[in-house]
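Participant: data.cif is reproduced below (mmCIF, C-alpha atoms).
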```
data_query
loop_
_atom_site.label_atom_id
_atom_site.label_comp_id
_atom_site.auth_asym_id
_atom_site.auth_seq_id
_atom_site.Cartn_x
_atom_site.Cartn_y
_atom_site.Cartn_z
CA MET K 206 69.95 -23.60 221.79
CA LEU K 207 67.62 -20.63 221.73
CA THR K 208 64.85 -20.56 224.31
CA LYS K 209 62.02 -18.11 224.84
CA LYS K 210 60.03 -17.74 228.00
CA ILE K 211 57.43 -15.25 229.16
CA GLU K 212 57.14 -14.50 232.85
CA ILE K 213 55.06 -12.09 234.87
CA ASP K 214 57.54 -10.11 236.93
CA GLN K 215 55.35 -7.36 238.40
CA ILE K 216 51.78 -7.26 239.67
CA GLU K 217 50.81 -3.93 241.23
CA VAL K 218 47.50 -2.82 242.71
CA THR K 219 46.73 0.89 242.57
CA ARG K 220 44.79 2.75 245.24
CA ASP K 221 41.52 2.54 243.30
CA GLY K 222 41.88 -1.17 242.55
CA HIS K 223 43.47 -1.29 239.09
CA VAL K 224 45.83 -4.23 238.72
CA GLN K 225 48.90 -3.40 236.64
CA VAL K 226 50.65 -6.42 235.16
CA ARG K 227 54.11 -6.47 233.59
CA SER K 228 55.36 -9.51 231.71
CA VAL K 229 58.88 -10.02 230.45
CA THR K 230 59.83 -12.03 227.40
CA ILE K 231 63.31 -13.53 227.82
CA ILE K 232 65.38 -14.91 224.95
CA GLU K 233 68.35 -17.06 225.97
CA GLU K 234 70.98 -18.92 224.02
CA ASP K 235 72.42 -21.88 225.94
CA GLY K 236 71.28 -20.27 229.16
CA VAL K 237 72.84 -16.88 228.41
CA LEU K 238 70.52 -13.89 228.17
CA ILE K 239 70.63 -12.34 224.71
CA GLY K 240 67.49 -10.24 224.81
CA LYS K 241 64.39 -9.32 226.73
CA SER K 242 61.34 -7.11 226.26
CA LEU K 243 58.54 -5.88 228.49
CA HIS K 244 54.80 -5.89 227.91
CA ARG K 245 52.20 -4.29 230.14
CA HIS K 246 48.47 -4.26 230.59
CA VAL K 247 46.02 -3.09 233.22
CA ILE K 248 42.92 -4.79 234.59
CA ALA K 249 40.31 -2.31 235.76
CA PRO K 250 37.87 -3.12 238.56
CA GLY K 251 35.00 -5.03 236.99
CA ASP K 252 36.99 -6.31 234.02
CA ASP K 253 36.88 -10.04 233.23
CA TYR K 254 40.17 -11.51 234.48
CA SER K 255 39.33 -15.20 233.92
CA SER K 256 41.88 -15.54 231.11
CA GLU K 257 44.72 -14.01 233.13
CA ASP K 258 47.62 -15.91 234.70
CA VAL K 259 46.58 -17.67 237.91
CA LYS K 260 48.71 -15.32 240.02
CA VAL K 261 47.00 -12.31 238.45
CA GLN K 262 43.60 -13.93 238.96
CA ALA K 263 44.38 -14.40 242.64
CA VAL K 264 45.33 -10.73 243.04
CA CYS K 265 42.26 -9.54 241.14
CA ALA K 266 40.02 -11.76 243.26
CA VAL K 267 41.26 -10.00 246.37
CA ALA K 268 41.47 -6.47 244.94
CA HIS K 269 38.23 -6.36 242.97
CA THR K 270 35.68 -6.50 245.74
CA ASP K 271 32.09 -5.50 244.99
CA LYS K 272 32.72 -2.19 246.78
CA VAL K 273 35.86 -1.43 244.74
CA VAL K 274 34.11 -2.28 241.46
CA SER K 275 31.04 -0.21 242.22
CA GLU K 276 33.10 2.79 243.35
CA TYR K 277 35.27 2.62 240.23
CA LYS K 278 32.29 2.37 237.88
CA ALA K 279 30.59 5.26 239.64
CA SER K 280 33.74 7.39 239.29
CA GLN K 281 33.97 6.67 235.56
CA THR K 282 30.29 7.45 235.02
CA ALA K 283 30.81 10.74 236.80
CA LYS K 284 33.61 11.55 234.35
CA GLY K 285 31.30 11.06 231.36
CA ALA K 286 32.68 7.71 230.25
CA MET X 146 85.60 -6.66 239.86
CA LEU X 147 82.45 -5.82 241.78
CA LYS X 148 83.18 -3.47 244.66
CA THR X 149 80.52 -2.51 247.16
CA VAL X 150 81.01 0.70 249.07
CA GLY X 151 78.76 1.08 252.08
CA ASN X 152 79.19 4.74 252.86
CA PRO X 153 78.21 7.76 250.75
CA SER X 154 81.06 8.66 248.45
CA THR X 155 81.78 11.86 246.57
CA ARG X 156 83.95 12.29 243.53
CA THR X 157 84.78 15.37 241.55
CA GLY X 158 84.99 15.58 237.78
CA ASN X 159 83.23 13.53 235.15
CA GLN X 160 82.75 9.83 235.75
CA THR X 161 82.87 7.34 232.92
CA ILE X 162 81.57 3.81 232.98
CA LEU X 163 83.71 2.06 230.41
CA ASN X 164 81.60 -1.02 229.80
CA GLY X 165 78.40 -1.56 231.74
CA ASN X 166 75.29 0.10 233.06
CA LEU X 167 74.64 2.35 235.99
CA ILE X 168 72.30 0.20 238.07
CA ILE X 169 69.94 1.69 240.62
CA GLY X 170 69.76 -1.04 243.26
CA THR X 171 66.71 0.16 245.19
CA ALA X 172 63.26 1.03 243.85
CA GLY X 173 62.44 4.70 244.26
CA LYS X 174 66.07 5.80 244.10
CA GLY X 175 67.53 7.52 241.06
CA ILE X 176 69.26 10.70 239.97
CA ASP X 177 68.73 13.78 242.11
CA PHE X 178 68.63 17.08 240.21
CA SER X 179 67.86 19.28 243.21
CA ALA X 180 71.06 21.30 242.69
CA ASP X 181 69.34 22.89 239.67
CA SER X 182 66.94 25.78 240.13
CA HIS X 183 63.27 24.78 239.91
CA ALA X 184 59.86 26.21 239.10
CA SER X 185 57.53 27.21 241.94
CA GLY X 186 55.22 24.28 241.25
CA MET X 187 57.95 21.68 241.50
CA THR X 188 56.92 18.39 243.14
CA SER X 189 60.00 16.27 242.56
CA GLU X 190 63.53 16.59 241.25
CA LEU X 191 64.33 12.91 241.47
CA LEU X 192 64.44 10.93 238.23
CA ASP X 193 63.57 7.56 239.70
CA ASP X 194 62.18 5.44 236.89
CA TYR X 195 62.66 4.56 233.26
CA GLU X 196 60.96 1.79 231.34
CA GLU X 197 60.06 0.97 227.76
CA GLY X 198 57.96 -1.83 226.38
CA THR X 199 54.88 -2.79 224.45
CA TRP X 200 51.14 -2.88 225.07
CA THR X 201 48.17 -4.14 223.12
CA PRO X 202 45.42 -1.63 222.31
CA VAL X 203 41.95 -3.19 222.22
CA LEU X 204 39.30 -1.19 220.39
CA THR X 205 35.92 -1.78 222.00
CA PRO X 206 32.59 -0.26 220.93
CA ALA X 207 29.71 -0.02 223.40
CA GLY X 208 27.66 -2.24 221.11
CA GLY X 209 28.55 -4.65 218.32
CA SER X 210 32.14 -5.60 217.63
CA ILE X 211 35.38 -4.46 216.03
CA THR X 212 37.99 -7.07 215.10
CA PRO X 213 41.58 -5.90 214.58
CA LEU X 214 44.15 -7.24 212.19
CA ALA X 215 46.72 -8.45 214.68
CA ALA X 216 49.74 -7.95 212.44
CA PHE X 217 49.02 -4.20 212.21
CA THR X 218 47.80 -3.65 215.74
CA GLY X 219 50.04 -2.87 218.68
CA GLY X 220 51.53 -0.24 220.91
CA THR X 221 54.73 0.92 222.54
CA TYR X 222 55.32 2.93 225.67
CA THR X 223 58.11 4.81 227.36
CA LYS X 224 57.96 5.86 231.02
CA ILE X 225 60.36 8.54 232.20
CA GLY X 226 59.87 9.43 235.85
CA ASP X 227 56.11 9.72 236.28
CA LEU X 228 55.43 10.58 232.61
CA VAL X 229 54.16 7.82 230.34
CA THR X 230 53.95 8.26 226.59
CA ALA X 231 51.93 5.53 224.90
CA ASN X 232 51.63 5.12 221.14
CA GLY X 233 49.31 2.74 219.38
CA ILE X 234 47.80 1.63 216.12
CA VAL X 235 44.72 -0.44 215.41
CA TYR X 236 43.98 -1.65 211.89
CA VAL X 237 40.44 -2.94 211.62
CA SER X 238 39.93 -6.30 209.96
CA SER X 239 36.16 -6.47 210.25
CA VAL X 240 33.24 -4.96 212.15
CA GLY X 241 29.93 -6.25 213.45
CA SER X 242 27.59 -3.23 213.53
CA PRO X 243 29.59 -1.23 216.12
CA THR X 244 27.66 1.48 217.97
CA GLY X 245 28.06 3.95 220.80
CA LEU X 246 31.10 4.95 222.81
CA LEU X 247 34.45 3.79 221.40
CA SER X 248 37.09 2.90 223.95
CA VAL X 249 40.66 1.69 223.78
CA THR X 250 41.69 -0.54 226.66
CA GLY X 251 45.06 -2.06 227.44
CA LEU X 252 47.08 1.02 228.37
CA PRO X 253 50.30 0.09 230.18
CA PHE X 254 49.65 2.21 233.29
CA VAL X 255 46.72 3.76 235.12
CA SER X 256 46.64 7.55 234.87
CA LYS X 257 47.06 9.72 237.95
CA SER X 258 43.89 10.50 239.88
CA GLY X 259 42.60 14.03 240.44
CA THR X 260 40.56 16.55 238.49
CA GLN X 261 43.71 18.23 237.15
CA ASN X 262 44.66 15.06 235.29
CA TYR X 263 42.22 14.81 232.39
CA ARG X 264 44.37 14.36 229.28
CA ALA X 265 43.97 14.47 225.50
CA GLY X 266 46.14 12.86 222.88
CA THR X 267 46.79 13.14 219.19
CA ILE X 268 44.99 10.89 216.75
CA TYR X 269 44.91 10.00 213.06
CA VAL X 270 42.07 8.08 211.45
CA GLY X 271 41.97 6.70 207.92
CA ASP X 272 39.45 4.80 205.84
CA MET X 273 36.54 5.51 208.15
CA VAL X 274 33.02 5.59 206.67
CA ALA X 275 32.67 8.23 203.95
CA THR X 276 30.04 10.19 205.89
CA LEU X 277 32.44 11.04 208.71
CA ASN X 278 33.21 14.73 208.31
CA SER X 279 33.80 15.70 211.94
CA PRO X 280 37.07 16.22 213.79
CA VAL X 281 38.14 13.21 215.85
CA GLN X 282 39.65 13.35 219.33
CA ILE X 283 41.04 11.00 221.95
CA SER X 284 41.00 11.51 225.70
CA LEU X 285 41.94 9.89 228.99
CA ASN X 286 40.22 10.30 232.33
CA PRO X 287 42.06 10.52 235.66
CA GLY X 288 42.51 7.18 237.44
CA SER X 289 41.87 5.22 234.27
CA ALA X 290 43.62 2.95 231.79
CA THR X 291 40.98 3.42 229.10
CA LEU X 292 41.13 5.89 226.22
CA TYR X 293 37.96 7.27 224.64
CA ILE X 294 37.73 8.17 220.95
CA SER X 295 34.95 10.49 219.86
CA LYS X 296 34.01 12.92 217.10
CA ILE X 297 33.01 16.53 217.63
CA VAL X 298 29.41 17.26 216.59
CA ASN X 299 27.79 20.62 217.36
CA GLY X 300 30.59 21.43 219.74
CA ALA X 301 30.37 18.30 221.85
CA ALA X 302 31.89 14.82 221.91
CA ALA X 303 29.75 12.27 220.10
CA ALA X 304 29.92 8.50 219.61
CA ILE X 305 32.05 7.38 216.70
CA SER X 306 31.88 3.59 216.74
CA ALA X 307 29.42 3.45 213.83
CA ASP X 308 31.96 5.35 211.71
CA VAL X 309 34.50 2.53 211.95
CA GLN X 310 34.55 0.00 209.15
CA ALA X 311 36.74 -2.81 207.84
CA ALA X 312 40.16 -1.38 206.85
CA SER X 313 39.82 1.62 209.15
CA ASP X 314 43.22 2.67 210.42
CA ILE X 315 43.45 4.41 213.81
CA ARG X 316 46.76 5.70 215.18
CA PHE X 317 47.28 7.68 218.35
CA SER X 318 49.68 8.93 220.97
CA ILE X 319 49.10 10.22 224.47
CA SER X 320 51.28 11.36 227.35
CA TYR X 321 50.07 11.26 230.92
CA GLN X 322 51.26 11.20 234.53
CA VAL X 323 50.94 8.17 236.78
#
```
Could you express the structure from this file as structure tokens?

Facilitator:
Amino acid sequence: MLTKKIEIDQIEVTRDGHVQVRSVTIIEEDGVLIGKSLHRHVIAPGDDYSSEDVKVQAVCAVAHTDKVVSEYKASQTAKGA
Amino acid sequence: MLKTVGNPSTRTGNQTILNGNLIIGTAGKGIDFSADSHASGMTSELLDDYEEGTWTPVLTPAGGSITPLAAFTGGTYTKIGDLVTANGIVYVSSVGSPTGLLSVTGLPFVSKSGTQNYRAGTIYVGDMVATLNSPVQISLNPGSATLYISKIVNGAAAAISADVQAASDIRFSISYQV
């Protein structure tokens, strides 16, 4: 029987507070791995993370302090964004 | 048979793995090319990472909305060492009076910080509004996972969101260090 599951296998926090998330899609046939693929996205300080996986939400809640968010937004404004 | 050798080992001649992968068992380890000569600005000769996968580009105007056609929207990336190359396409299904700065979020990795790390990519746009006659560019700031798309007007970057319409087709590629 073919099964498909998606798991988050990496959550990384960069020095300036970005949270990098990697998810892996695993396809198995009768429990034997026959394929997998990776998908990534990044959550910047100040981004809405309410729709993220609960583990990612927990990391963002710790990493995205008011100070981190304000410093990141100030840095992007300074770069003309 | 799996054989674990605890001490450093050296072999001469070519090595062939008949059926299997060469697995790096510890993060940060890889293939050391330091025996080769290097440029004066060299910062590393260790190839310590490789990864390929997908990402989802999200086109976001400062005001209004842009809705993509999911079947024709997506991205791929390849990371070799510290160099990420990300490709993407967004096909616009509909718009709701988009205005201002046009950004693309969702990049797979944050770019390297530092004023030497501003980057530009290559971009193709199709089926934009008929009045768009300016060159289009795409850029990435240091310490960011957001791309910015703009048009060049009078020698400077200008907002392009209002030039996007239903059926607009935006394709791009960018390489950057992490």

Participant: Residues near Asp227 of chain X, anyone? I mean within 12 Å using only C-alpha atoms, not counting same-chain ones fewer than 2 positions away, as a list of chain:residue names.

Facilitator: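 Here the qualifying residues turn out to be X:Gly173, X:Thr188, X:Ser189, X:Glu190, X:Leu191, X:Leu192, X:Asp193, X:Asp194, X:Tyr195, X:Glu196, X:Thr223, X:Lys224, X:Ile225, X:Val229, X:Thr230, X:Phe254, X:Val255, X:Ser256, X:Lys257, X:Ser320, X:Tyr321, X:Gln322, X:Val323.
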
Participant: Run the PyMOL selection byres ((chain X) within 10 of (chain K)) against the file shown and list the residues it catches, as an NGL selection string.

Facilitator: :X and (196-202 or 220-222 or 246-248 or 250-255 or 257-258 or 260 or 263 or 285-293)

Participant: Generate the output file for the selected residues, C-alpha atoms, as a PDB file, in the frame of the given file.

Facilitator:
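To be explicit, this is the file written out as again14.pdb:
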```
ATOM      1  CA  GLU X 196      60.960   1.790 231.340  1.00  0.00           C
ATOM      2  CA  GLU X 197      60.060   0.970 227.760  1.00  0.00           C
ATOM      3  CA  GLY X 198      57.960  -1.830 226.380  1.00  0.00           C
ATOM      4  CA  THR X 199      54.880  -2.790 224.450  1.00  0.00           C
ATOM      5  CA  TRP X 200      51.140  -2.880 225.070  1.00  0.00           C
ATOM      6  CA  THR X 201      48.170  -4.140 223.120  1.00  0.00           C
ATOM      7  CA  PRO X 202      45.420  -1.630 222.310  1.00  0.00           C
ATOM      8  CA  GLY X 220      51.530  -0.240 220.910  1.00  0.00           C
ATOM      9  CA  THR X 221      54.730   0.920 222.540  1.00  0.00           C
ATOM     10  CA  TYR X 222      55.320   2.930 225.670  1.00  0.00           C
ATOM     11  CA  LEU X 246      31.100   4.950 222.810  1.00  0.00           C
ATOM     12  CA  LEU X 247      34.450   3.790 221.400  1.00  0.00           C
ATOM     13  CA  SER X 248      37.090   2.900 223.950  1.00  0.00           C
ATOM     14  CA  THR X 250      41.690  -0.540 226.660  1.00  0.00           C
ATOM     15  CA  GLY X 251      45.060  -2.060 227.440  1.00  0.00           C
ATOM     16  CA  LEU X 252      47.080   1.020 228.370  1.00  0.00           C
ATOM     17  CA  PRO X 253      50.300   0.090 230.180  1.00  0.00           C
ATOM     18  CA  PHE X 254      49.650   2.210 233.290  1.00  0.00           C
ATOM     19  CA  VAL X 255      46.720   3.760 235.120  1.00  0.00           C
ATOM     20  CA  LYS X 257      47.060   9.720 237.950  1.00  0.00           C
ATOM     21  CA  SER X 258      43.890  10.500 239.880  1.00  0.00           C
ATOM     22  CA  THR X 260      40.560  16.550 238.490  1.00  0.00           C
ATOM     23  CA  TYR X 263      42.220  14.810 232.390  1.00  0.00           C
ATOM     24  CA  LEU X 285      41.940   9.890 228.990  1.00  0.00           C
ATOM     25  CA  ASN X 286      40.220  10.300 232.330  1.00  0.00           C
ATOM     26  CA  PRO X 287      42.060  10.520 235.660  1.00  0.00           C
ATOM     27  CA  GLY X 288      42.510   7.180 237.440  1.00  0.00           C
ATOM     28  CA  SER X 289      41.870   5.220 234.270  1.00  0.00           C
ATOM     29  CA  ALA X 290      43.620   2.950 231.790  1.00  0.00           C
ATOM     30  CA  THR X 291      40.980   3.420 229.100  1.00  0.00           C
ATOM     31  CA  LEU X 292      41.130   5.890 226.220  1.00  0.00           C
ATOM     32  CA  TYR X 293      37.960   7.270 224.640  1.00  0.00           C
TER      33      TYR X 293
END
```

Participant: Can you work out the spacing between atom CA of Ser238 of chain X and atom CA of Ser313 of chain X in Å, to one decimal?

Facilitator: 8.0 Å

Participant: Could you list, as a ChimeraX atom specification, every residue matched by the PyMOL selection byres ((chain K and resi 270) around 12) in this structure?

Facilitator: /K:221-223,249-252,264-269,271-277

Participant: On this file, the PyMOL selection byres ((chain X and resi 265-279) around 7) gives some set of residues; write that set as JSON, numbers by chain.

Facilitator: {"X": [264, 280, 281, 282, 283, 284, 285, 296, 297, 298, 308, 309, 310, 312, 313, 314, 315, 316, 317, 318, 319, 320]}

Participant: Taking all atoms of segment 207-217 of chain K that the file lists, what box with edges along x, y and z, padded by 5 Å per side, do you get, with centre and edge lengths in Å to one decimal, as JSON?

Facilitator:
```
{"center_x": 59.2, "center_y": -12.3, "center_z": 231.5, "size_x": 26.8, "size_y": 26.7, "size_z": 29.5}
```

Participant: Excluding Val237 of chain K and any residue of its chain fewer than 5 positions from it, enumerate the residues within 12 Å of it, using all atoms listed in the file, and give them as a list in words.

Facilitator: Met206, Leu207, Thr208, Lys209, Ile231 and Ile232 of chain K

Participant: Record the distance separating atom CA of Val249 of chain X and atom CA of Thr205 of chain X, expressed in Å with one decimal.

Facilitator: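 Going from atom CA of Val249 of chain X over to atom CA of Thr205 of chain X, I get 6.1 Å.
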
Participant: What is the atom CA of Gln215 of chain K-atom CA of Ile234 of chain X distance in Å, reported with one decimal?

Facilitator: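 The value is 25.2 Å.
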
Participant: So which residues are close to (30.0, -3.6, 218.2), meaning at most 10 Å away in the file's coordinates with all atoms listed in the file counted, and can you show them as number ranges by chain?

Facilitator: X: 204-212, 240-247, 306-307, 309
